[in-house]
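**Student:** Here you go, query31.tsv (TSV, C-alpha atoms and all ligand atoms):
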chain	number	residue	atom	x	y	z
A	1	MET	CA	31.08	8.90	-3.06
A	2	SER	CA	28.84	10.68	-0.56
A	3	GLU	CA	30.24	12.17	2.63
A	4	GLN	CA	28.27	9.60	4.64
A	5	ASN	CA	29.70	6.60	2.80
A	6	SER	CA	33.27	7.85	3.14
A	7	VAL	CA	33.11	6.95	6.85
A	8	THR	CA	33.53	3.18	7.04
A	9	ARG	CA	35.37	0.74	9.28
A	10	ALA	CA	38.26	0.80	6.79
A	11	LEU	CA	38.94	4.46	7.66
A	12	PHE	CA	39.69	3.37	11.24
A	13	ASP	CA	42.86	1.60	10.14
A	14	GLU	CA	44.00	4.67	8.19
A	15	VAL	CA	43.56	7.32	10.86
A	16	MET	CA	43.33	5.70	14.30
A	17	VAL	CA	45.96	4.37	16.70
A	18	PRO	CA	45.61	0.57	16.48
A	19	ASN	CA	44.85	-0.12	20.17
A	20	TYR	CA	41.25	-1.19	19.42
A	21	ASN	CA	39.77	-3.65	16.95
A	22	PRO	CA	36.18	-2.42	16.53
A	23	ALA	CA	33.47	-4.46	14.82
A	24	ASP	CA	32.80	-3.98	11.11
A	25	ILE	CA	29.48	-2.18	11.61
A	26	VAL	CA	29.42	1.57	12.26
A	27	PRO	CA	26.46	2.49	14.49
A	28	VAL	CA	25.02	5.92	13.70
A	29	ARG	CA	21.85	6.27	15.79
A	30	GLY	CA	20.30	4.91	18.98
A	31	GLU	CA	16.95	5.15	20.72
A	32	GLY	CA	16.12	3.31	23.94
A	33	SER	CA	17.53	-0.20	23.59
A	34	ARG	CA	17.74	-0.14	19.79
A	35	VAL	CA	20.69	0.94	17.63
A	36	TRP	CA	20.94	1.42	13.84
A	37	ASP	CA	24.13	1.23	11.78
A	38	SER	CA	25.22	3.21	8.72
A	39	GLU	CA	23.56	0.66	6.40
A	40	GLY	CA	20.22	0.81	8.20
A	41	ARG	CA	20.53	-2.48	10.10
A	42	GLU	CA	18.80	-2.51	13.48
A	43	PHE	CA	20.17	-4.05	16.71
A	44	VAL	CA	18.83	-4.78	20.17
A	45	ASP	CA	21.40	-3.41	22.60
A	46	PHE	CA	22.33	-5.78	25.46
A	47	ALA	CA	25.83	-4.24	25.63
A	48	GLY	CA	24.88	-0.76	26.80
A	49	GLY	CA	28.22	0.73	25.77
A	50	ILE	CA	29.88	-1.61	28.32
A	51	ALA	CA	27.48	-0.98	31.22
A	52	VAL	CA	27.46	2.77	30.50
A	53	ASN	CA	24.12	3.53	28.81
A	54	SER	CA	22.14	2.99	31.99
A	55	LEU	CA	19.07	4.71	30.54
A	56	GLY	CA	19.54	3.40	27.02
A	57	HIS	CA	20.19	5.73	24.09
A	58	CYS	CA	18.98	9.33	23.96
A	59	HIS	CA	16.70	9.05	27.00
A	60	PRO	CA	14.32	12.05	26.78
A	61	ALA	CA	15.15	13.27	30.33
A	62	MET	CA	18.88	13.18	29.58
A	63	VAL	CA	18.44	14.93	26.23
A	64	ALA	CA	16.35	17.64	27.93
A	65	THR	CA	19.03	18.18	30.61
A	66	LEU	CA	21.83	18.18	28.07
A	67	ASN	CA	20.04	20.79	25.99
A	68	ALA	CA	19.07	22.97	28.98
A	69	GLN	CA	22.50	22.88	30.66
A	70	GLY	CA	24.17	23.05	27.25
A	71	SER	CA	22.65	26.45	26.62
A	72	GLN	CA	23.40	27.68	30.14
A	73	LEU	CA	26.93	26.80	31.33
A	74	TRP	CA	29.36	24.07	30.24
A	75	HIS	CA	32.66	24.54	31.97
A	76	LEU	CA	34.38	26.73	34.52
A	77	SER	CA	37.36	24.77	35.91
A	78	ASN	CA	37.71	24.19	39.62
A	79	VAL	CA	38.74	27.80	40.21
A	80	PHE	CA	34.97	28.15	40.66
A	81	THR	CA	32.45	25.70	42.01
A	82	ASN	CA	29.07	25.28	40.32
A	83	GLU	CA	25.48	24.45	41.13
A	84	PRO	CA	25.13	21.10	39.29
A	85	ALA	CA	28.29	19.70	40.94
A	86	LEU	CA	27.21	20.67	44.44
A	87	LYS	CA	23.70	19.39	43.86
A	88	LEU	CA	24.99	16.05	42.55
A	89	ALA	CA	27.46	15.71	45.42
A	90	LYS	CA	24.62	16.37	47.89
A	91	THR	CA	22.48	13.71	46.20
A	92	LEU	CA	25.31	11.15	46.34
A	93	VAL	CA	26.05	11.95	50.00
A	94	ASP	CA	22.36	11.72	50.90
A	95	SER	CA	21.90	8.35	49.17
A	96	THR	CA	25.11	6.52	50.19
A	97	PHE	CA	27.51	5.97	53.12
A	98	ALA	CA	29.65	8.85	51.90
A	99	GLU	CA	30.22	12.29	53.38
A	100	ARG	CA	32.51	13.77	50.70
A	101	VAL	CA	32.72	13.56	46.90
A	102	TYR	CA	35.48	14.12	44.34
A	103	PHE	CA	34.49	14.33	40.66
A	104	ALA	CA	36.51	13.01	37.74
A	105	ASN	CA	35.84	12.07	34.12
A	106	SER	CA	36.42	8.33	33.97
A	107	GLY	CA	36.60	5.22	36.10
A	108	ALA	CA	40.37	5.14	35.92
A	109	GLU	CA	40.59	8.74	37.12
A	110	ALA	CA	38.26	8.12	40.06
A	111	ASN	CA	40.33	5.06	41.01
A	112	GLU	CA	43.58	6.97	40.57
A	113	ALA	CA	42.26	9.58	43.01
A	114	ALA	CA	41.22	6.87	45.49
A	115	LEU	CA	44.63	5.19	45.32
A	116	LYS	CA	46.55	8.43	45.76
A	117	LEU	CA	44.27	9.38	48.64
A	118	VAL	CA	44.74	6.12	50.57
A	119	ARG	CA	48.51	6.40	50.26
A	120	ARG	CA	48.42	10.01	51.47
A	121	TYR	CA	46.04	9.11	54.32
A	122	ALA	CA	48.32	6.31	55.53
A	123	LEU	CA	51.36	8.56	55.40
A	124	GLU	CA	49.60	11.31	57.37
A	125	HIS	CA	48.10	9.06	60.02
A	126	TYR	CA	50.67	6.27	60.40
A	127	GLY	CA	53.93	7.55	58.89
A	128	GLU	CA	56.14	5.83	56.31
A	129	GLY	CA	56.06	2.08	55.69
A	130	LYS	CA	52.29	1.58	55.52
A	131	GLU	CA	52.15	1.36	51.75
A	132	GLN	CA	50.96	-2.08	50.74
A	133	ILE	CA	47.94	-2.13	48.46
A	134	ILE	CA	46.17	-5.47	48.25
A	135	ALA	CA	44.25	-6.13	45.06
A	136	PHE	CA	42.95	-9.22	43.27
A	137	LYS	CA	43.78	-11.33	40.26
A	138	GLN	CA	41.58	-10.71	37.23
A	139	ALA	CA	40.44	-7.38	38.73
A	140	PHE	CA	40.09	-4.38	36.45
A	141	HIS	CA	40.52	-0.82	37.70
A	142	GLY	CA	41.35	1.23	34.59
A	143	ARG	CA	44.28	2.02	32.32
A	144	THR	CA	46.33	4.74	34.00
A	145	PHE	CA	49.67	3.32	35.11
A	146	PHE	CA	48.73	3.16	38.81
A	147	THR	CA	45.24	1.71	38.24
A	148	VAL	CA	46.35	-0.80	35.62
A	149	THR	CA	49.11	-1.98	37.95
A	150	VAL	CA	46.61	-2.43	40.78
A	151	GLY	CA	44.42	-4.34	38.30
A	152	GLY	CA	44.99	-8.08	38.27
A	153	GLN	CA	46.07	-8.70	34.68
A	154	PRO	CA	49.85	-8.22	34.31
A	155	ALA	CA	49.47	-8.38	30.51
A	156	TYR	CA	47.87	-4.91	30.68
A	157	SER	CA	50.58	-3.32	32.85
A	158	ASP	CA	53.73	-5.01	31.47
A	159	GLY	CA	55.91	-3.29	28.93
A	160	PHE	CA	55.69	0.29	30.15
A	161	GLY	CA	58.79	0.47	32.32
A	162	PRO	CA	59.00	0.51	36.13
A	163	LYS	CA	55.61	0.09	37.80
A	164	PRO	CA	54.25	1.75	40.93
A	165	GLY	CA	55.30	-0.54	43.80
A	166	ALA	CA	53.99	-2.19	46.97
A	167	ILE	CA	50.99	-3.74	45.20
A	168	ASP	CA	50.10	-7.39	45.87
A	169	HIS	CA	47.59	-9.49	43.95
A	170	LEU	CA	45.69	-12.31	45.66
A	171	PRO	CA	43.20	-14.84	44.35
A	172	PHE	CA	39.68	-13.39	44.63
A	173	ASN	CA	37.36	-14.88	47.27
A	174	ASP	CA	40.26	-16.71	48.95
A	175	ILE	CA	39.95	-15.95	52.68
A	176	GLU	CA	43.09	-17.85	53.68
A	177	ALA	CA	45.30	-16.06	51.17
A	178	PHE	CA	43.87	-12.75	52.34
A	179	GLU	CA	44.45	-13.49	56.02
A	180	ALA	CA	48.05	-14.39	55.21
A	181	ALA	CA	48.70	-11.20	53.22
A	182	ILE	CA	47.15	-8.41	55.25
A	183	SER	CA	49.11	-6.79	58.09
A	184	ASP	CA	49.68	-3.43	59.78
A	185	LYS	CA	51.76	-2.54	56.70
A	186	THR	CA	48.63	-2.69	54.54
A	187	CYS	CA	47.52	0.75	53.41
A	188	ALA	CA	44.38	-0.29	51.53
A	189	VAL	CA	42.48	-3.08	49.85
A	190	MET	CA	40.91	-2.42	46.45
A	191	MET	CA	38.22	-4.70	45.09
A	192	GLU	CA	35.15	-4.88	42.90
A	193	PRO	CA	32.15	-6.22	44.88
A	194	MET	CA	31.52	-8.19	41.70
A	195	GLN	CA	34.37	-8.50	39.21
A	196	GLY	CA	33.16	-7.28	35.83
A	197	GLU	CA	35.87	-7.55	33.17
A	198	GLY	CA	37.26	-10.55	35.10
A	199	GLY	CA	34.20	-12.68	34.25
A	200	ILE	CA	31.17	-11.50	36.31
A	201	ILE	CA	32.31	-13.00	39.60
A	202	PRO	CA	30.48	-11.75	42.72
A	203	ALA	CA	32.39	-11.57	45.99
A	204	ASP	CA	31.40	-14.29	48.44
A	205	GLN	CA	29.50	-12.87	51.41
A	206	ALA	CA	31.90	-14.45	53.92
A	207	PHE	CA	34.91	-13.16	51.99
A	208	ILE	CA	33.77	-9.56	51.74
A	209	GLU	CA	32.85	-9.54	55.46
A	210	ARG	CA	36.27	-10.91	56.38
A	211	VAL	CA	38.00	-8.31	54.21
A	212	ARG	CA	36.10	-5.54	56.01
A	213	ALA	CA	36.88	-6.97	59.46
A	214	LEU	CA	40.60	-7.38	58.77
A	215	CYS	CA	40.86	-3.91	57.22
A	216	ASP	CA	39.44	-2.55	60.46
A	217	LYS	CA	41.83	-4.64	62.53
A	218	HIS	CA	44.89	-3.43	60.60
A	219	ASN	CA	43.79	0.17	59.98
A	220	ALA	CA	43.67	-0.42	56.24
A	221	LEU	CA	41.15	1.42	54.09
A	222	LEU	CA	38.72	-0.55	51.93
A	223	ILE	CA	38.08	0.74	48.40
A	224	PHE	CA	35.13	-0.64	46.43
A	225	ASP	CA	35.52	-0.09	42.72
A	226	GLU	CA	31.88	0.21	41.67
A	227	VAL	CA	32.67	1.73	38.30
A	228	GLN	CA	30.79	-1.12	36.63
A	229	THR	CA	28.44	-2.29	39.42
A	230	GLY	CA	27.32	1.17	40.52
A	231	ALA	CA	24.51	3.56	39.62
A	232	GLY	CA	21.73	0.99	39.92
A	233	ARG	CA	23.30	-1.70	37.71
A	234	THR	CA	22.80	-4.50	40.28
A	235	GLY	CA	19.32	-3.45	41.41
A	236	LYS	CA	20.52	-1.27	44.31
A	237	LEU	CA	22.07	2.17	43.83
A	238	TYR	CA	25.44	0.63	44.77
A	239	ALA	CA	26.28	-3.06	45.05
A	240	TYR	CA	27.74	-2.76	48.57
A	241	GLU	CA	24.16	-2.45	49.80
A	242	HIS	CA	23.50	-6.09	48.79
A	243	PHE	CA	26.35	-7.26	51.03
A	244	GLY	CA	25.70	-4.96	53.96
A	245	VAL	CA	29.43	-4.16	53.93
A	246	VAL	CA	30.39	-0.49	53.78
A	247	PRO	CA	33.69	0.62	52.20
A	248	ASP	CA	35.83	3.61	53.17
A	249	LEU	CA	36.02	4.76	49.57
A	250	LEU	CA	33.86	3.96	46.57
A	251	THR	CA	34.33	4.85	42.93
A	252	SER	CA	31.55	5.28	40.40
A	253	ALA	CA	31.70	6.04	36.67
A	254	LYS	CA	30.31	4.15	33.63
A	255	GLY	CA	26.53	4.18	34.31
A	256	LEU	CA	26.73	7.36	36.40
A	257	GLY	CA	26.77	9.56	33.32
A	258	GLY	CA	24.71	7.22	31.14
A	259	GLY	CA	27.04	8.02	28.23
A	260	PHE	CA	28.36	11.42	29.25
A	261	PRO	CA	31.88	11.15	30.73
A	262	VAL	CA	31.73	11.69	34.48
A	263	ALA	CA	33.01	9.84	37.54
A	264	ALA	CA	32.92	10.21	41.30
A	265	MET	CA	34.98	9.08	44.25
A	266	LEU	CA	32.97	8.88	47.46
A	267	THR	CA	34.46	8.74	50.95
A	268	SER	CA	34.16	9.77	54.58
A	269	ALA	CA	34.98	13.26	55.87
A	270	LYS	CA	37.91	11.84	57.83
A	271	VAL	CA	39.55	10.14	54.85
A	272	ALA	CA	38.71	13.06	52.54
A	273	ALA	CA	40.60	15.43	54.83
A	274	SER	CA	43.90	14.05	53.50
A	275	LEU	CA	43.17	15.41	50.03
A	276	LYS	CA	44.12	18.96	50.98
A	277	VAL	CA	44.13	21.97	48.66
A	278	GLY	CA	46.52	21.30	45.80
A	279	THR	CA	47.15	17.59	46.45
A	280	HIS	CA	45.09	16.37	43.50
A	281	GLY	CA	42.85	17.75	40.79
A	282	SER	CA	41.33	17.66	37.32
A	283	THR	CA	40.54	20.43	34.83
A	284	TYR	CA	37.27	18.92	33.63
A	285	GLY	CA	36.29	17.01	36.78
A	286	GLY	CA	32.96	18.21	38.18
A	287	ASN	CA	32.09	20.43	35.23
A	288	PRO	CA	28.46	21.65	35.21
A	289	LEU	CA	27.47	19.87	31.98
A	290	ALA	CA	28.61	16.44	33.15
A	291	CYS	CA	27.17	16.88	36.64
A	292	ALA	CA	23.79	18.06	35.36
A	293	VAL	CA	23.49	14.98	33.14
A	294	ALA	CA	24.58	12.64	35.95
A	295	GLN	CA	22.04	14.28	38.27
A	296	THR	CA	19.28	13.38	35.82
A	297	VAL	CA	20.59	9.82	35.49
A	298	ILE	CA	20.61	9.31	39.27
A	299	ASP	CA	17.23	11.01	39.72
A	300	VAL	CA	15.68	8.59	37.22
A	301	ILE	CA	17.52	5.46	38.39
A	302	ASN	CA	17.28	5.85	42.14
A	303	THR	CA	13.54	5.22	42.24
A	304	PRO	CA	11.69	2.08	43.35
A	305	GLU	CA	10.20	1.65	39.85
A	306	VAL	CA	13.51	1.59	37.98
A	307	LEU	CA	15.33	-0.53	40.58
A	308	ALA	CA	12.38	-2.96	40.54
A	309	ASN	CA	12.62	-3.10	36.73
A	310	VAL	CA	16.29	-4.08	37.07
A	311	GLU	CA	15.29	-7.04	39.26
A	312	ALA	CA	12.34	-8.04	37.06
A	313	ARG	CA	14.34	-7.87	33.82
A	314	SER	CA	17.19	-9.73	35.53
A	315	ALA	CA	14.83	-12.60	36.39
A	316	GLN	CA	13.51	-12.56	32.81
A	317	PHE	CA	17.08	-12.71	31.47
A	318	ARG	CA	18.08	-15.58	33.72
A	319	ALA	CA	14.97	-17.59	32.84
A	320	GLY	CA	15.51	-16.92	29.13
A	321	LEU	CA	19.19	-17.88	29.24
A	322	GLU	CA	18.40	-21.03	31.24
A	323	ALA	CA	15.77	-21.98	28.65
A	324	ILE	CA	18.31	-21.52	25.84
A	325	ASN	CA	20.78	-23.60	27.85
A	326	ALA	CA	18.22	-26.37	28.40
A	327	LYS	CA	17.92	-26.64	24.61
A	328	TYR	CA	21.54	-26.23	23.53
A	329	ALA	CA	23.70	-27.00	26.63
A	330	VAL	CA	26.16	-24.21	25.91
A	331	PHE	CA	26.60	-22.72	29.40
A	332	ASN	CA	28.18	-24.00	32.60
A	333	GLU	CA	26.48	-21.29	34.59
A	334	VAL	CA	24.47	-18.08	34.32
A	335	ARG	CA	25.51	-15.66	37.07
A	336	GLY	CA	25.64	-12.04	38.14
A	337	MET	CA	23.50	-9.43	39.85
A	338	GLY	CA	20.72	-7.26	38.48
A	339	LEU	CA	21.44	-6.34	34.88
A	340	LEU	CA	25.10	-7.29	34.93
A	341	LEU	CA	24.96	-10.93	33.93
A	342	GLY	CA	27.44	-13.46	32.63
A	343	ALA	CA	26.87	-16.76	30.85
A	344	GLU	CA	29.95	-18.94	31.16
A	345	LEU	CA	30.40	-21.22	28.18
A	346	SER	CA	30.54	-24.96	28.80
A	347	GLU	CA	33.63	-27.10	28.16
A	348	ALA	CA	32.84	-27.70	24.49
A	349	TYR	CA	32.72	-23.96	23.81
A	350	GLN	CA	35.63	-22.69	25.97
A	351	GLY	CA	37.35	-19.66	24.50
A	352	ARG	CA	34.52	-18.93	22.06
A	353	ALA	CA	32.75	-15.99	23.71
A	354	ARG	CA	33.91	-13.70	20.89
A	355	ASP	CA	32.42	-16.06	18.31
A	356	VAL	CA	29.09	-15.84	20.16
A	357	LEU	CA	29.36	-12.05	20.14
A	358	ILE	CA	29.98	-12.00	16.38
A	359	ALA	CA	27.12	-14.44	15.70
A	360	SER	CA	24.87	-12.27	17.90
A	361	ALA	CA	25.73	-9.15	15.92
A	362	GLU	CA	24.81	-11.02	12.74
A	363	ALA	CA	21.48	-11.91	14.36
A	364	GLY	CA	20.85	-8.25	15.25
A	365	LEU	CA	21.98	-8.25	18.87
A	366	MET	CA	24.77	-6.36	20.63
A	367	CYS	CA	26.28	-8.18	23.63
A	368	LEU	CA	29.66	-8.24	25.39
A	369	VAL	CA	32.29	-10.69	26.51
A	370	ALA	CA	34.10	-10.82	29.87
A	371	GLY	CA	37.21	-12.81	29.17
A	372	ALA	CA	37.44	-15.56	26.54
A	373	SER	CA	34.64	-17.79	27.82
A	374	VAL	CA	31.96	-15.56	29.36
A	375	VAL	CA	29.23	-13.78	27.38
A	376	ARG	CA	28.24	-10.62	29.28
A	377	PHE	CA	24.99	-8.67	29.25
A	378	ALA	CA	24.71	-5.09	30.52
A	379	PRO	CA	21.60	-3.58	28.95
A	380	SER	CA	19.76	-0.37	29.82
A	381	LEU	CA	18.23	-0.39	33.32
A	382	VAL	CA	14.96	0.79	31.80
A	383	ILE	CA	14.85	-1.82	29.03
A	384	SER	CA	11.34	-3.10	28.38
A	385	GLU	CA	10.13	-6.67	28.79
A	386	ALA	CA	9.47	-6.79	25.03
A	387	ASP	CA	13.01	-5.68	24.15
A	388	VAL	CA	14.52	-8.31	26.47
A	389	ALA	CA	12.32	-10.96	24.86
A	390	GLU	CA	13.24	-9.87	21.32
A	391	GLY	CA	16.96	-9.68	22.21
A	392	LEU	CA	16.88	-13.16	23.75
A	393	ALA	CA	15.14	-14.55	20.66
A	394	ARG	CA	17.94	-13.13	18.51
A	395	PHE	CA	20.52	-14.46	20.98
A	396	GLU	CA	19.01	-17.92	20.70
A	397	ARG	CA	19.42	-17.79	16.91
A	398	ALA	CA	23.09	-16.89	17.42
A	399	VAL	CA	23.59	-19.75	19.89
A	400	ALA	CA	21.88	-22.18	17.51
A	401	GLN	CA	24.24	-21.08	14.76
A	402	ILE	CA	27.31	-21.65	16.97
A	403	VAL	CA	26.03	-25.08	18.06
A	404	GLN	CA	25.28	-26.12	14.50
A	405	GLY	CA	28.79	-24.97	13.50
G	501	LIG	C1	35.50	0.15	33.15
G	501	LIG	C2	36.07	0.00	34.50
G	501	LIG	C3	37.08	0.87	34.96
G	501	LIG	C4	37.73	1.91	34.08
G	501	LIG	O1	36.83	2.93	33.72
G	501	LIG	P1	37.24	3.93	32.54
G	501	LIG	O2	36.11	4.90	32.51
G	501	LIG	O3	37.39	3.12	31.29
G	501	LIG	O4	38.52	4.57	32.93
G	501	LIG	C5	37.52	0.72	36.26
G	501	LIG	N1	37.00	-0.22	37.07
G	501	LIG	C6	36.04	-1.06	36.67
G	501	LIG	C7	35.48	-2.06	37.62
G	501	LIG	C8	35.54	-1.00	35.37
G	501	LIG	O5	34.61	-1.86	34.96
Would you encode the structure as structure tokens?
Ligand SMILES: *Cc1c(COP(=O)(O)O)cnc(C)c1O
**Tutor:**
Amino acid sequence: MSEQNSVTRALFDEVMVPNYNPADIVPVRGEGSRVWDSEGREFVDFAGGIAVNSLGHCHPAMVATLNAQGSQLWHLSNVFTNEPALKLAKTLVDSTFAERVYFANSGAEANEAALKLVRRYALEHYGEGKEQIIAFKQAFHGRTFFTVTVGGQPAYSDGFGPKPGAIDHLPFNDIEAFEAAISDKTCAVMMEPMQGEGGIIPADQAFIERVRALCDKHNALLIFDEVQTGAGRTGKLYAYEHFGVVPDLLTSAKGLGGGFPVAAMLTSAKVAASLKVGTHGSTYGGNPLACAVAQTVIDVINTPEVLANVEARSAQFRAGLEAINAKYAVFNEVRGMGLLLGAELSEAYQGRARDVLIASAEAGLMCLVAGASVVRFAPSLVISEADVAEGLARFERAVAQIVQG
């Protein structure tokens, strides 16, 4: 048995903690929006590593940066600052509402920092008792104990002992419920401008505006979790720009590093001031290697050409999915923003998103699910028209197979 063949899906069950159930194929190589597995099968990638591979696989600019920074300086710790981190922070400040940046390594860590910061800010400015965090059902904010408890799926936070307290979950996009829940005791509101894991559900314009207004009225901070919607995914650098509603804190991860682990929490100078020396930190956060790669990702993405491609490919996707639906009547709705799209299965196919995903893989296409009944697409932001067309053709074969049983 060759060394190569000794690595199969079966090995996963022998050596890995069983918290995941990965697919049977083992991908070994990627280029652009194509991926090849250990047996040489080729796939069109509409999954993008769950909205992470914003520039596809092995983008030449990212490879060049990784190689250059990789032979210069990888890691220092935050005992020293470094050029790539400061440069990236300056870029993020210059291109968003933010005045200050904190770097972390994952979405959960950026959210954890945001949640600790809002609690500390409220304590400093208003004293004890202003602790309530309002969040939303079906929301997803990561898997640390604080972030998973703020997330809106109790199944993910139950069974680990006593949870962080003073967290309330409301139905998303429900203005009345929100008006009833917020008060001067509210410390912060955390929301995704468009829920990702929860099923690709954009905030209603009126809802998000009301949330902002009532946060202002009650001196509560507004946190936008843009871990999934950020870094150009929706056709703007950050999704809040679509709504014209500015948060007090914003978190970014996933697509920010395009596959290299890096995250950022953005905020104002006033809010940032509560994160004084020693109050929070991370050994790896803001390391030069991660920040150099993220700089390249943002430099490529935050251009009119790439953001226009997101909109053009989005329109192509929607038209293609609608055409498939006209033929097979499998979706209730195709929704989303930019290249974060969801196709909600119709009544006859409720609960079968995973079956569609498996049929797609068999047809040579990688896609995602968002809950049991939504098929999710989060391809590279620089995917070509031809790759979208080829991927949709393969998706149609998968849908036909599901419909025909
Ligand atoms: C993926 C995700 C997270 C968690 O990010 P990790 O890098 O897995 O910790 C948090 N919030 C949202 C909206 C996400 O989609």
**Student:** Would you mind listing what lies within 8 Å of range 357-368 of chain A as a count of residues only, with all atoms listed in the file counted and same-chain residues fewer than 5 positions away left out?
**Tutor:** 20
**Student:** Ligand LIG 501 (chain G): which residues are within 10 Å, counting all atoms listed in the file, as an mmCIF file with C-alpha atoms, keeping the file's coordinate frame?
**Tutor:**
data_model
loop_
_atom_site.group_PDB
_atom_site.id
_atom_site.type_symbol
_atom_site.label_atom_id
_atom_site.label_comp_id
_atom_site.auth_asym_id
_atom_site.auth_seq_id
_atom_site.Cartn_x
_atom_site.Cartn_y
_atom_site.Cartn_z
ATOM 1 C CA ILE A 50 29.880 -1.610 28.320
ATOM 2 C CA ALA A 51 27.480 -0.980 31.220
ATOM 3 C CA VAL A 52 27.460 2.770 30.500
ATOM 4 C CA ALA A 104 36.510 13.010 37.740
ATOM 5 C CA ASN A 105 35.840 12.070 34.120
ATOM 6 C CA SER A 106 36.420 8.330 33.970
ATOM 7 C CA GLY A 107 36.600 5.220 36.100
ATOM 8 C CA ALA A 108 40.370 5.140 35.920
ATOM 9 C CA GLU A 109 40.590 8.740 37.120
ATOM 10 C CA ALA A 110 38.260 8.120 40.060
ATOM 11 C CA ASN A 111 40.330 5.060 41.010
ATOM 12 C CA GLU A 112 43.580 6.970 40.570
ATOM 13 C CA ALA A 139 40.440 -7.380 38.730
ATOM 14 C CA PHE A 140 40.090 -4.380 36.450
ATOM 15 C CA HIS A 141 40.520 -0.820 37.700
ATOM 16 C CA GLY A 142 41.350 1.230 34.590
ATOM 17 C CA ARG A 143 44.280 2.020 32.320
ATOM 18 C CA THR A 144 46.330 4.740 34.000
ATOM 19 C CA THR A 147 45.240 1.710 38.240
ATOM 20 C CA VAL A 148 46.350 -0.800 35.620
ATOM 21 C CA GLY A 151 44.420 -4.340 38.300
ATOM 22 C CA MET A 191 38.220 -4.700 45.090
ATOM 23 C CA GLU A 192 35.150 -4.880 42.900
ATOM 24 C CA PRO A 193 32.150 -6.220 44.880
ATOM 25 C CA MET A 194 31.520 -8.190 41.700
ATOM 26 C CA GLN A 195 34.370 -8.500 39.210
ATOM 27 C CA GLY A 196 33.160 -7.280 35.830
ATOM 28 C CA GLU A 197 35.870 -7.550 33.170
ATOM 29 C CA GLY A 198 37.260 -10.550 35.100
ATOM 30 C CA PHE A 224 35.130 -0.640 46.430
ATOM 31 C CA ASP A 225 35.520 -0.090 42.720
ATOM 32 C CA GLU A 226 31.880 0.210 41.670
ATOM 33 C CA VAL A 227 32.670 1.730 38.300
ATOM 34 C CA GLN A 228 30.790 -1.120 36.630
ATOM 35 C CA THR A 229 28.440 -2.290 39.420
ATOM 36 C CA GLY A 230 27.320 1.170 40.520
ATOM 37 C CA THR A 251 34.330 4.850 42.930
ATOM 38 C CA SER A 252 31.550 5.280 40.400
ATOM 39 C CA ALA A 253 31.700 6.040 36.670
ATOM 40 C CA LYS A 254 30.310 4.150 33.630
ATOM 41 C CA GLY A 255 26.530 4.180 34.310
ATOM 42 C CA PRO A 261 31.880 11.150 30.730
ATOM 43 C CA VAL A 262 31.730 11.690 34.480
ATOM 44 C CA ALA A 263 33.010 9.840 37.540
#
**Student:** Identify, on the basis of all atoms listed in the file, every residue whose closest approach to Asn19 in chain A does not exceed 12 Å; exclude the query and any residue fewer than 6 positions from it along the same chain; express the result as a list in words.
**Tutor:** Phe12, Asp13 and Tyr156 of chain A
**Student:** Just to confirm, what's the straight-line distance from CA of Asn309 in chain A to CA of Ser95 in chain A in Å (one decimal)?
**Tutor:**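 Computed distance, CA of Asn309 in chain A to CA of Ser95 in chain A, equals 19.3 Å.
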**Student:** List the spatial neighbours of Ala122 in chain A as number ranges by chain - criterion: any atom at most 8 Å away, all atoms listed in the file, same-chain residues fewer than 6 positions off excluded.
**Tutor:** A: 128, 130-131, 187
**Student:** Please produce an output containing C-alpha atoms for each residue in the selection, written as an mmCIF file, keeping the file's coordinate frame.
**Tutor:**
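As a result, selection-v5.cif now contains:
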data_model
loop_
_atom_site.group_PDB
_atom_site.id
_atom_site.type_symbol
_atom_site.label_atom_id
_atom_site.label_comp_id
_atom_site.auth_asym_id
_atom_site.auth_seq_id
_atom_site.Cartn_x
_atom_site.Cartn_y
_atom_site.Cartn_z
ATOM 1 C CA GLU A 128 56.140 5.830 56.310
ATOM 2 C CA LYS A 130 52.290 1.580 55.520
ATOM 3 C CA GLU A 131 52.150 1.360 51.750
ATOM 4 C CA CYS A 187 47.520 0.750 53.410
#
**Student:** I want to know what sits within 12 Å of Gly278 in chain A, based on only C-alpha atoms, with residues of the same chain fewer than 3 positions away left out; could you give that as a list of chain:residue names?
**Tutor:**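 After dropping sequence-adjacent residues, the list is A:Asn78, A:Val79, A:Ser274, A:Leu275, A:Gly281, A:Ser282.
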**Student:** Leaving out Ile167 in chain A and any residue of its chain fewer than 5 positions from it, which residues lie within 9 Å of it when counting only C-alpha atoms, given as a list in words?
**Tutor:**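 The contact residues come out as Glu131, Gln132, Ile133, Ile134, Ala135, Thr149 and Val150 of chain A.
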**Student:** One decimal, Å: what's the distance from CA of Ala213 in chain A over to CA of Leu266 in chain A, could you say?
**Tutor:**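 Atom-to-atom, CA of Ala213 in chain A to CA of Leu266 in chain A, that is 20.3 Å.
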**Student:** Give the answer as one residue: which of A:Glu311, A:Glu396, A:Asp387, A:Asp24 has the shortest atom-to-atom distance to Asn325 in chain A, using only C-alpha atoms?
**Tutor:**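 With only C-alpha atoms as the atom set, the closest residue is A:Glu396.
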**Student:** Nearest residue to Leu73 in chain A out of A:Asn332, A:Asn287, A:Gln404, A:Ser183, using only C-alpha atoms?
**Tutor:**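 Comparing A:Asn332, A:Asn287, A:Gln404, A:Ser183 against Leu73 in chain A, the winner is A:Asn287.
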**Student:** At what distance in Å, to one decimal, does CA of Ala312 in chain A lie from CA of Arg34 in chain A?
**Tutor:**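 Value for the CA of Arg34 in chain A-CA of Ala312 in chain A distance: 19.7 Å.
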**Student:** Can you work out which one of A:Ala113, A:Ala203, A:Ala23, A:Ala326 has the shortest atom-to-atom distance to Phe146 in chain A, counting all atoms listed in the file?
**Tutor:** A:Ala113
